[in-house]
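Novice: Pasting input-v6.txt below, which is compact mmCIF, C-alpha atoms.
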```
# COMPACT_ATOMS: atom_id res chain seq x y z
CA MET A 1 -15.08 -15.80 -50.75
CA LYS A 2 -11.87 -13.82 -50.42
CA MET A 3 -9.57 -12.91 -53.28
CA ASN A 4 -6.07 -14.33 -52.94
CA CYS A 5 -3.63 -11.55 -53.66
CA ILE A 6 0.07 -10.83 -53.84
CA ILE A 7 1.79 -7.45 -53.64
CA VAL A 8 4.84 -6.85 -55.81
CA ASP A 9 7.12 -3.87 -55.23
CA ASP A 10 10.87 -3.53 -54.76
CA ASP A 11 10.37 -0.72 -52.27
CA GLU A 12 9.76 -2.09 -48.78
CA LEU A 13 7.95 1.05 -47.67
CA VAL A 14 5.43 0.79 -50.48
CA LEU A 15 5.10 -2.94 -49.87
CA HIS A 16 4.26 -2.39 -46.23
CA LEU A 17 1.91 0.46 -47.01
CA VAL A 18 -0.06 -1.51 -49.60
CA GLU A 19 -0.12 -4.53 -47.30
CA THR A 20 -1.59 -2.37 -44.53
CA LEU A 21 -4.25 -1.05 -46.89
CA ALA A 22 -5.04 -4.54 -48.15
CA LYS A 23 -5.42 -5.89 -44.61
CA GLN A 24 -8.17 -3.35 -43.99
CA SER A 25 -10.25 -4.96 -46.70
CA ASP A 26 -12.57 -7.83 -45.79
CA PHE A 27 -12.32 -9.53 -49.13
CA LEU A 28 -8.56 -9.67 -49.62
CA ASN A 29 -6.35 -12.50 -48.44
CA ILE A 30 -2.66 -11.58 -48.75
CA VAL A 31 -0.78 -14.70 -49.79
CA LYS A 32 2.65 -13.07 -50.12
CA THR A 33 4.49 -9.81 -50.52
CA CYS A 34 7.21 -10.01 -53.17
CA SER A 35 10.11 -7.62 -53.63
CA THR A 36 11.04 -8.87 -57.10
CA ALA A 37 9.08 -9.77 -60.20
CA VAL A 38 10.83 -13.14 -60.30
CA GLU A 39 9.59 -13.98 -56.80
CA ALA A 40 6.10 -12.97 -57.90
CA SER A 41 6.34 -15.10 -61.01
CA ASN A 42 7.27 -18.16 -58.93
CA THR A 43 4.41 -17.55 -56.53
CA LEU A 44 1.98 -17.25 -59.41
CA LEU A 45 3.06 -20.66 -60.68
CA LYS A 46 2.54 -22.37 -57.35
CA GLU A 47 -0.48 -20.67 -55.84
CA LYS A 48 -3.91 -19.77 -57.02
CA ILE A 49 -3.68 -15.98 -57.13
CA ASP A 50 -6.71 -13.91 -58.08
CA LEU A 51 -5.28 -10.42 -57.78
CA VAL A 52 -1.82 -8.86 -58.16
CA PHE A 53 -0.82 -5.40 -56.96
CA LEU A 54 2.06 -4.64 -59.24
CA ASP A 55 4.76 -2.00 -59.34
CA VAL A 56 5.87 -1.20 -62.87
CA MET A 57 9.51 -0.32 -62.39
CA MET A 58 11.61 -2.94 -60.67
CA PRO A 59 15.20 -3.96 -61.26
CA GLY A 60 15.82 -7.25 -63.05
CA MET A 61 12.37 -7.97 -64.37
CA THR A 62 9.88 -5.15 -64.70
CA GLY A 63 6.18 -5.35 -64.00
CA ILE A 64 5.45 -5.17 -67.72
CA GLU A 65 7.72 -8.15 -68.36
CA LEU A 66 5.94 -10.04 -65.62
CA LEU A 67 2.61 -9.29 -67.30
CA ASN A 68 4.04 -10.62 -70.54
CA SER A 69 4.96 -13.89 -68.87
CA PHE A 70 1.41 -14.72 -67.71
CA SER A 71 0.04 -17.73 -69.48
CA GLU A 72 -3.57 -18.75 -69.99
CA LYS A 73 -5.09 -17.98 -66.60
CA LYS A 74 -4.27 -14.35 -65.93
CA PRO A 75 -4.86 -12.90 -62.51
CA ILE A 76 -6.56 -9.52 -62.14
CA VAL A 77 -3.89 -6.81 -62.05
CA ILE A 78 -3.86 -3.45 -60.30
CA MET A 79 -0.79 -1.45 -61.27
CA ILE A 80 0.89 0.96 -58.91
CA THR A 81 3.49 3.45 -60.07
CA SER A 82 4.74 7.02 -59.80
CA ASN A 83 4.87 7.47 -63.56
CA LYS A 84 1.64 8.21 -65.37
CA GLU A 85 3.28 7.37 -68.71
CA PHE A 86 3.14 3.66 -67.91
CA ALA A 87 -0.65 3.78 -68.02
CA VAL A 88 -0.45 3.45 -71.80
CA ASP A 89 1.44 0.14 -71.53
CA ALA A 90 -0.91 -1.03 -68.84
CA TYR A 91 -3.99 -0.78 -71.03
CA ASP A 92 -2.38 -3.11 -73.54
CA PHE A 93 -2.48 -5.78 -70.86
CA ASP A 94 -6.10 -5.46 -69.72
CA VAL A 95 -4.99 -4.13 -66.39
CA CYS A 96 -7.96 -3.67 -64.10
CA ASP A 97 -6.82 -0.36 -62.65
CA PHE A 98 -3.84 1.92 -62.47
CA ILE A 99 -2.98 3.81 -59.28
CA VAL A 100 -0.51 6.68 -59.37
CA LYS A 101 1.50 7.18 -56.16
CA PRO A 102 0.97 8.43 -53.56
CA ILE A 103 -1.79 5.86 -53.04
CA THR A 104 -4.71 7.07 -50.99
CA GLN A 105 -7.11 4.89 -49.06
CA ALA A 106 -10.05 6.03 -51.17
CA ARG A 107 -8.25 5.37 -54.45
CA PHE A 108 -7.09 1.97 -53.23
CA LEU A 109 -10.62 0.95 -52.23
CA LYS A 110 -11.96 2.06 -55.59
CA ALA A 111 -9.41 -0.11 -57.40
CA VAL A 112 -10.15 -3.10 -55.17
CA SER A 113 -13.89 -2.87 -55.65
CA LYS A 114 -13.34 -2.79 -59.41
CA ALA A 115 -11.25 -5.96 -59.09
CA LYS A 116 -13.89 -7.55 -56.92
CA LYS A 117 -16.55 -7.03 -59.58
CA ILE A 118 -14.40 -8.76 -62.19
CA PHE A 119 -13.54 -11.54 -59.74
CA GLU A 120 -17.18 -12.22 -58.92
CA ALA A 121 -18.21 -12.22 -62.56
CA ASP A 122 -15.45 -14.77 -63.29
CA ARG A 123 -16.43 -16.89 -60.33
CA TYR A 124 -20.02 -16.98 -61.45
CA ILE A 125 -18.78 -18.74 -64.57
CA ALA A 126 -16.44 -20.94 -62.53
CA ASP A 127 -19.29 -22.07 -60.27
CA ASP A 128 -20.88 -23.41 -63.37
CA ASP A 129 -17.86 -25.66 -63.63
CA ALA A 130 -19.53 -28.88 -64.59
CA ILE A 131 -19.40 -31.04 -67.68
CA PHE A 132 -22.24 -32.90 -69.35
CA ALA A 133 -20.97 -36.22 -70.53
CA LYS A 134 -22.72 -38.86 -72.55
CA VAL A 135 -23.06 -41.90 -70.31
CA ASP A 136 -24.98 -44.68 -72.09
CA SER A 137 -27.84 -42.72 -73.61
CA VAL A 138 -28.04 -40.02 -70.94
CA LEU A 139 -26.27 -36.66 -70.80
CA GLN A 140 -24.98 -36.86 -67.27
CA LYS A 141 -23.93 -33.76 -65.37
CA ILE A 142 -20.60 -34.28 -63.57
CA ASN A 143 -19.37 -31.59 -61.26
CA ALA A 144 -15.70 -30.83 -61.93
CA HIS A 145 -15.11 -30.39 -58.19
CA ASP A 146 -16.03 -34.02 -57.58
CA ILE A 147 -13.68 -35.51 -60.16
CA PHE A 148 -10.39 -36.80 -58.83
CA LEU A 149 -9.22 -38.91 -61.76
CA ILE A 150 -9.80 -39.41 -65.44
CA GLU A 151 -8.48 -42.58 -66.95
CA ALA A 152 -8.09 -43.49 -70.63
CA LEU A 153 -9.77 -46.67 -71.78
CA VAL A 154 -9.56 -47.81 -75.39
CA ASP A 155 -12.42 -45.86 -76.97
CA TYR A 156 -13.70 -44.37 -73.76
CA VAL A 157 -12.55 -42.46 -70.73
CA ALA A 158 -13.43 -43.33 -67.17
CA VAL A 159 -14.31 -40.30 -65.05
CA HIS A 160 -13.86 -41.09 -61.36
CA THR A 161 -15.65 -39.14 -58.67
CA PHE A 162 -15.72 -40.19 -55.01
CA THR A 163 -19.16 -41.71 -55.48
CA HIS A 164 -19.29 -42.82 -59.11
CA LYS A 165 -17.30 -44.02 -62.04
CA TYR A 166 -18.67 -42.78 -65.35
CA ILE A 167 -17.66 -44.42 -68.62
CA VAL A 168 -17.83 -41.68 -71.21
CA HIS A 169 -17.43 -41.95 -74.96
CA SER A 170 -14.73 -39.32 -75.43
CA THR A 171 -10.98 -38.82 -75.69
CA MET A 172 -8.47 -37.56 -73.10
CA LYS A 173 -7.72 -34.56 -75.28
CA GLU A 174 -11.37 -33.63 -75.60
CA ILE A 175 -12.15 -33.93 -71.91
CA LYS A 176 -9.00 -32.07 -70.88
CA ALA A 177 -10.01 -29.12 -73.04
CA LYS A 178 -13.35 -28.92 -71.19
CA LEU A 179 -11.76 -28.81 -67.74
CA SER A 180 -9.87 -25.94 -66.11
CA ALA A 181 -6.14 -26.23 -66.75
CA HIS A 182 -5.54 -24.77 -63.34
CA ASP A 183 -7.29 -27.60 -61.50
CA PHE A 184 -6.49 -30.59 -63.69
CA PHE A 185 -3.15 -31.95 -64.80
CA ARG A 186 -2.35 -34.69 -67.26
CA ILE A 187 0.30 -36.67 -65.42
CA HIS A 188 0.45 -39.44 -67.95
CA ASN A 189 -0.92 -40.25 -71.42
CA SER A 190 -3.59 -42.30 -69.74
CA TYR A 191 -4.31 -40.23 -66.62
CA ILE A 192 -5.54 -36.77 -65.70
CA VAL A 193 -5.75 -35.92 -61.99
CA ARG A 194 -7.35 -33.08 -60.13
CA ILE A 195 -4.38 -31.38 -58.47
CA ASP A 196 -6.09 -30.53 -55.18
CA LYS A 197 -7.07 -34.20 -54.74
CA ILE A 198 -3.48 -35.42 -54.71
CA THR A 199 -2.68 -36.66 -51.23
CA ALA A 200 0.88 -37.93 -51.70
CA ILE A 201 3.64 -38.34 -54.24
CA GLU A 202 5.86 -41.36 -54.13
CA ASP A 203 8.71 -41.77 -56.61
CA ASN A 204 6.90 -41.78 -59.93
CA THR A 205 3.36 -42.10 -58.71
CA VAL A 206 0.77 -39.78 -57.21
CA VAL A 207 -1.86 -40.90 -54.76
CA VAL A 208 -5.45 -39.79 -55.28
CA ASN A 209 -8.28 -41.29 -53.28
CA LYS A 210 -5.89 -44.05 -52.05
CA ARG A 211 -5.03 -45.05 -55.61
CA SER A 212 -1.50 -44.87 -56.95
CA ILE A 213 -1.31 -43.39 -60.44
CA PRO A 214 1.91 -43.35 -62.50
CA ILE A 215 3.46 -40.06 -63.60
CA SER A 216 5.18 -40.12 -66.97
CA ARG A 217 8.78 -38.94 -66.89
CA SER A 218 8.15 -35.99 -69.20
CA ASN A 219 5.37 -34.60 -66.98
CA HIS A 220 7.11 -35.13 -63.68
CA LYS A 221 8.94 -31.81 -63.59
CA ASP A 222 5.91 -29.77 -64.67
CA LEU A 223 3.84 -31.36 -61.95
CA MET A 224 6.47 -30.60 -59.32
CA ASN A 225 6.47 -26.99 -60.45
CA ARG A 226 2.74 -26.80 -59.92
CA LEU A 227 2.92 -28.01 -56.34
CA LYS A 228 4.13 -26.21 -53.25
CA LEU A 229 7.20 -28.17 -52.26
CA LEU A 230 9.11 -27.78 -49.03
CA MET B 1 -7.87 5.25 -28.89
CA ILE B 2 -4.30 6.48 -28.64
CA ASN B 3 -3.87 10.07 -29.60
CA THR B 4 -1.31 10.29 -32.37
CA LYS B 5 -2.21 13.86 -33.24
CA ASN B 6 -0.35 15.56 -30.42
CA SER B 7 2.93 15.27 -32.22
CA ILE B 8 5.78 17.66 -31.71
CA GLU B 9 5.86 20.37 -34.31
CA MET B 10 7.45 18.81 -37.39
CA LYS B 11 9.38 21.07 -39.72
CA PHE B 12 10.78 18.67 -42.28
CA CYS B 13 8.13 15.98 -42.48
CA ASN B 14 4.39 15.77 -42.46
CA LEU B 15 2.96 12.45 -41.37
CA ASP B 16 -0.65 13.27 -42.28
CA TYR B 17 -0.42 11.08 -45.36
CA LEU B 18 0.70 8.04 -43.35
CA LYS B 19 -2.01 8.66 -40.75
CA SER B 20 -4.60 8.71 -43.53
CA ILE B 21 -3.52 5.24 -44.65
CA SER B 22 -4.18 3.67 -41.28
CA PRO B 23 -5.69 6.07 -38.72
CA ASP B 24 -4.93 5.51 -35.02
CA ASN B 25 -2.28 2.95 -35.78
CA PRO B 26 0.97 3.94 -34.04
CA LYS B 27 2.43 0.50 -34.79
CA PHE B 28 2.13 1.13 -38.51
CA MET B 29 3.60 4.64 -38.15
CA LYS B 30 6.50 3.25 -36.22
CA GLU B 31 7.19 0.49 -38.75
CA MET B 32 7.07 2.90 -41.67
CA ILE B 33 9.45 5.34 -39.99
CA GLN B 34 11.80 2.47 -39.12
CA LEU B 35 11.74 1.25 -42.71
CA PHE B 36 12.43 4.75 -43.98
CA LEU B 37 15.37 5.20 -41.60
CA LYS B 38 16.75 1.82 -42.59
CA LYS B 39 16.28 1.98 -46.35
CA VAL B 40 16.60 5.58 -47.43
CA PRO B 41 20.14 6.30 -46.13
CA GLN B 42 21.22 3.16 -48.04
CA SER B 43 19.58 4.46 -51.20
CA ILE B 44 21.31 7.83 -50.86
CA GLU B 45 24.64 6.12 -50.37
CA GLU B 46 24.02 4.04 -53.50
CA MET B 47 23.04 7.14 -55.44
CA ASN B 48 26.30 8.83 -54.49
CA LYS B 49 28.21 5.80 -55.73
CA PHE B 50 26.31 5.81 -59.02
CA LEU B 51 26.91 9.54 -59.37
CA ILE B 52 30.67 9.08 -58.98
CA ALA B 53 30.61 6.17 -61.42
CA ALA B 54 28.48 8.23 -63.82
CA ASP B 55 26.07 5.29 -63.89
CA TRP B 56 23.06 7.32 -65.02
CA HIS B 57 20.80 4.36 -65.54
CA ASN B 58 21.03 3.17 -61.95
CA LEU B 59 21.07 6.67 -60.53
CA GLY B 60 17.85 7.38 -62.41
CA GLU B 61 16.17 4.22 -61.12
CA HIS B 62 17.05 5.09 -57.54
CA ALA B 63 15.83 8.65 -57.99
CA HIS B 64 12.56 7.24 -59.29
CA LYS B 65 12.19 5.01 -56.28
CA ILE B 66 13.03 7.65 -53.73
CA LYS B 67 10.22 9.88 -54.99
CA SER B 68 7.57 7.75 -53.35
CA ASN B 69 9.57 7.74 -50.07
CA ILE B 70 9.61 11.53 -50.18
CA GLN B 71 5.85 11.62 -50.66
CA THR B 72 5.26 9.06 -47.94
CA MET B 73 6.95 11.20 -45.28
CA GLY B 74 5.43 14.44 -46.56
CA ILE B 75 8.80 16.01 -47.28
CA LYS B 76 8.69 19.39 -49.01
CA LYS B 77 7.91 19.57 -52.70
CA GLU B 78 11.27 21.09 -53.72
CA ILE B 79 12.93 17.82 -52.73
CA LEU B 80 10.45 15.77 -54.72
CA ASP B 81 11.15 18.04 -57.68
CA ALA B 82 14.90 17.57 -57.23
CA ALA B 83 14.47 13.78 -57.33
CA LYS B 84 12.23 14.05 -60.37
CA GLN B 85 14.85 16.22 -62.05
CA ILE B 86 17.59 13.67 -61.36
CA GLU B 87 15.38 10.95 -62.79
CA ASP B 88 14.62 12.95 -65.95
CA ASN B 89 18.20 14.14 -66.41
CA CYS B 90 19.43 10.57 -66.18
CA LYS B 91 16.80 9.37 -68.62
CA TYR B 92 17.57 12.00 -71.25
CA GLN B 93 21.27 12.33 -70.35
CA LYS B 94 21.04 16.10 -69.98
CA HIS B 95 22.24 18.69 -67.44
CA LEU B 96 24.50 16.05 -65.97
CA ASP B 97 26.60 18.81 -64.39
CA LEU B 98 23.64 19.66 -62.12
CA MET B 99 23.45 16.19 -60.60
CA PRO B 100 25.90 16.66 -57.71
CA SER B 101 24.10 19.76 -56.43
CA LEU B 102 20.66 18.18 -56.83
CA LEU B 103 21.71 15.10 -54.92
CA LEU B 104 23.36 17.23 -52.25
CA GLU B 105 20.15 19.22 -51.87
CA ILE B 106 18.23 15.99 -51.21
CA GLU B 107 20.89 14.64 -48.87
CA THR B 108 21.07 17.83 -46.79
CA GLU B 109 17.31 17.89 -46.36
CA PHE B 110 17.24 14.18 -45.53
CA ASN B 111 19.77 14.66 -42.72
CA GLU B 112 17.22 16.90 -41.00
CA VAL B 113 14.42 14.49 -41.88
CA TYR B 114 16.28 11.59 -40.22
CA LYS B 115 16.74 13.57 -36.98
CA GLU B 116 13.11 14.56 -36.89
CA LEU B 117 11.93 11.03 -37.60
CA GLU B 118 14.23 9.59 -34.90
CA LYS B 119 12.53 11.88 -32.39
CA GLU B 120 9.10 10.94 -33.65
CA LEU B 121 10.04 7.28 -33.48
CA SER B 122 10.97 7.46 -29.80
CA ARG B 123 7.70 9.29 -29.18
CA PHE B 124 5.72 6.50 -30.85
CA SER B 125 7.62 3.94 -28.82
CA GLU B 126 6.56 5.80 -25.66
CA ILE B 127 2.95 5.87 -26.81
CA MET B 128 2.99 2.17 -27.49
CA LYS B 129 4.52 1.36 -24.10
CA SER B 130 1.91 3.34 -22.20
```
Please re-express this file's structure in structure tokens.
Specialist:
Amino acid sequence: MKMNCIIVDDDELVLHLVETLAKQSDFLNIVKTCSTAVEASNTLLKEKIDLVFLDVMMPGMTGIELLNSFSEKKPIVIMITSNKEFAVDAYDFDVCDFIVKPITQARFLKAVSKAKKIFEADRYIADDDAIFAKVDSVLQKINAHDIFLIEALVDYVAVHTFTHKYIVHSTMKEIKAKLSAHDFFRIHNSYIVRIDKITAIEDNTVVVNKRSIPISRSNHKDLMNRLKLL
Amino acid sequence: MINTKNSIEMKFCNLDYLKSISPDNPKFMKEMIQLFLKKVPQSIEEMNKFLIAADWHNLGEHAHKIKSNIQTMGIKKEILDAAKQIEDNCKYQKHLDLMPSLLLEIETEFNEVYKELEKELSRFSEIMKS
């Protein structure tokens, strides 16, 4: 599986150079090259990005400010800069590696293989992405990838997969905490959907598995921000 | 593969660094030279404006940026040092009287760099046609 990456640098020459290096790697998929931190920040909101190549000094919003803005799910970061002094700041942010310009092929590859190790370790945990839910008297394993909808019932929640509907004794809050915030979104007090299972949005409803589910007004904007809109 | 080594003798630039990034890739070389010729004269023009306006913050940021462009094209170390000096002087607001001559030093060298890169660019275009 390839790592989705973006490259952030206000210098087009560096951008093109890093892009060329990244293309030589079999396990990198370049989603976008960004010339401002703001552009990068928007991309990070909309796409699933695993790795960011980040320049420290950019006008407007600096790389450090961008790092500060990351919320819960932080991508792996490789910093690129001409100034060694920034390395100190970088370590405060758990940056995976720090490359001082001029970037060489060997140094780039070393940084990327470091990132790959972290990525694979994280994925190993993510593959384990299943919940065990009490259904009647059995602890039933439900794979998070199969869930498209979770629906609140009075004292229970209904977990819908394409093949089953599990009635689980739990609360929306509890089940939401167990699922990845990146994949699942609470569109309404009574509904959580898996974002990649949404097939259409119509006024104030989303369609998952041919079912129309209402979106509450307060969550509408957040949901739109999470999707790639044209 | 296309031979990119037989370049004309270059006096002001050294493209070994770029070749090491993507060996046997004249397309990449060409694109990088084009980007340099497009972007760097603009940066120098901006720097001159900031110098006249005594806008040390912006002058310093541009000097910082131009350092990696200097390294990319393998331009001589004195020019890299001059850019570094502008950056530092701007940051610490010192030796501001030296700025015009430092910037002029970079600009004079760059004028030769542009000519040399233009020649190299047409050579790469020939290589890619053949």
Novice: Could you list, as number ranges by chain, every residue within 9 Å of Leu227 of chain A, counting only C-alpha atoms and ignoring same-chain residues fewer than 6 positions away?
Specialist: A: 45-47, 195
Novice: Need the shell around Leu37 of chain B: protein/DNA/RNA residues with any atom at most 9 Å away, counting only C-alpha atoms. Skip same-chain ones fewer than 3 positions apart. Format as a PDB file with C-alpha atoms, in the frame of the given file?
Specialist:
```
ATOM      1  CA  MET B  32       7.070   2.900 -41.670  1.00  0.00           C
ATOM      2  CA  ILE B  33       9.450   5.340 -39.990  1.00  0.00           C
ATOM      3  CA  GLN B  34      11.800   2.470 -39.120  1.00  0.00           C
ATOM      4  CA  VAL B  40      16.600   5.580 -47.430  1.00  0.00           C
ATOM      5  CA  PRO B  41      20.140   6.300 -46.130  1.00  0.00           C
ATOM      6  CA  GLN B  42      21.220   3.160 -48.040  1.00  0.00           C
ATOM      7  CA  TYR B 114      16.280  11.590 -40.220  1.00  0.00           C
ATOM      8  CA  LEU B 117      11.930  11.030 -37.600  1.00  0.00           C
ATOM      9  CA  GLU B 118      14.230   9.590 -34.900  1.00  0.00           C
TER      10      GLU B 118
END
```
Novice: Pick out the closest residue to chain A from this set: B:Met10, B:Ala54, B:Ile106, B:Ala63. Count all atoms listed in the file.
Specialist: B:Ala63
Novice: Could you jot down the atom CA of Ser170 of chain A to atom CA of Arg226 of chain A separation for me, Å, one decimal place?
Specialist: 26.5 Å
Novice: Between A:Phe148, A:Phe93, A:Phe185, A:Phe162, single out the one closest to Thr199 of chain A, counting only C-alpha atoms.
Specialist: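 So, comparing all the options, the nearest one is A:Phe148.
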Novice: Go ahead and compute the interatomic distance for atom CA of Glu109 of chain B and atom CA of Ile70 of chain B, in Å to one decimal.
Specialist: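 It comes out at 10.7 Å.
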Novice: Please supply segment 145-166 of chain A, rebuilt with N, CA and C atoms, as a CSV table (one decimal), in the coordinates of the input.
Specialist:
```csv
chain,number,residue,atom,x,y,z
A,145,HIS,N,-15.7,-30.3,-59.5
A,145,HIS,CA,-15.1,-30.4,-58.2
A,145,HIS,C,-15.1,-31.8,-57.6
A,146,ASP,N,-16.0,-32.7,-58.1
A,146,ASP,CA,-16.0,-34.0,-57.6
A,146,ASP,C,-15.1,-35.0,-58.3
A,147,ILE,N,-14.6,-34.6,-59.4
A,147,ILE,CA,-13.7,-35.5,-60.2
A,147,ILE,C,-12.3,-35.5,-59.5
A,148,PHE,N,-11.8,-36.7,-59.3
A,148,PHE,CA,-10.4,-36.8,-58.8
A,148,PHE,C,-9.5,-37.4,-59.9
A,149,LEU,N,-10.1,-38.2,-60.8
A,149,LEU,CA,-9.2,-38.9,-61.8
A,149,LEU,C,-10.0,-39.2,-63.1
A,150,ILE,N,-9.3,-39.0,-64.2
A,150,ILE,CA,-9.8,-39.4,-65.4
A,150,ILE,C,-8.8,-40.4,-66.1
A,151,GLU,N,-9.3,-41.5,-66.5
A,151,GLU,CA,-8.5,-42.6,-67.0
A,151,GLU,C,-8.8,-42.9,-68.4
A,152,ALA,N,-7.8,-43.1,-69.2
A,152,ALA,CA,-8.1,-43.5,-70.6
A,152,ALA,C,-8.4,-45.0,-70.7
A,153,LEU,N,-9.5,-45.3,-71.4
A,153,LEU,CA,-9.8,-46.7,-71.8
A,153,LEU,C,-9.7,-46.7,-73.3
A,154,VAL,N,-9.8,-47.8,-73.9
A,154,VAL,CA,-9.6,-47.8,-75.4
A,154,VAL,C,-10.3,-46.7,-76.1
A,155,ASP,N,-11.6,-46.9,-76.3
A,155,ASP,CA,-12.4,-45.9,-77.0
A,155,ASP,C,-13.2,-44.9,-76.0
A,156,TYR,N,-12.9,-45.1,-74.8
A,156,TYR,CA,-13.7,-44.4,-73.8
A,156,TYR,C,-12.8,-43.7,-72.7
A,157,VAL,N,-13.3,-42.9,-71.9
A,157,VAL,CA,-12.6,-42.5,-70.7
A,157,VAL,C,-13.4,-42.8,-69.5
A,158,ALA,N,-12.7,-43.1,-68.4
A,158,ALA,CA,-13.4,-43.3,-67.2
A,158,ALA,C,-13.3,-42.1,-66.3
A,159,VAL,N,-14.4,-41.5,-65.9
A,159,VAL,CA,-14.3,-40.3,-65.0
A,159,VAL,C,-14.6,-40.7,-63.6
A,160,HIS,N,-13.7,-40.6,-62.7
A,160,HIS,CA,-13.9,-41.1,-61.4
A,160,HIS,C,-14.2,-39.9,-60.4
A,161,THR,N,-15.4,-40.1,-59.8
A,161,THR,CA,-15.6,-39.1,-58.7
A,161,THR,C,-15.7,-40.0,-57.4
A,162,PHE,N,-15.8,-39.4,-56.2
A,162,PHE,CA,-15.7,-40.2,-55.0
A,162,PHE,C,-16.9,-41.1,-54.9
A,163,THR,N,-18.0,-40.8,-55.6
A,163,THR,CA,-19.2,-41.7,-55.5
A,163,THR,C,-19.4,-42.6,-56.7
A,164,HIS,N,-19.0,-42.1,-57.9
A,164,HIS,CA,-19.3,-42.8,-59.1
A,164,HIS,C,-18.1,-43.0,-60.0
A,165,LYS,N,-18.3,-43.9,-61.0
A,165,LYS,CA,-17.3,-44.0,-62.0
A,165,LYS,C,-18.1,-44.0,-63.3
A,166,TYR,N,-17.9,-42.9,-64.1
A,166,TYR,CA,-18.7,-42.8,-65.4
A,166,TYR,C,-17.8,-43.2,-66.5
```
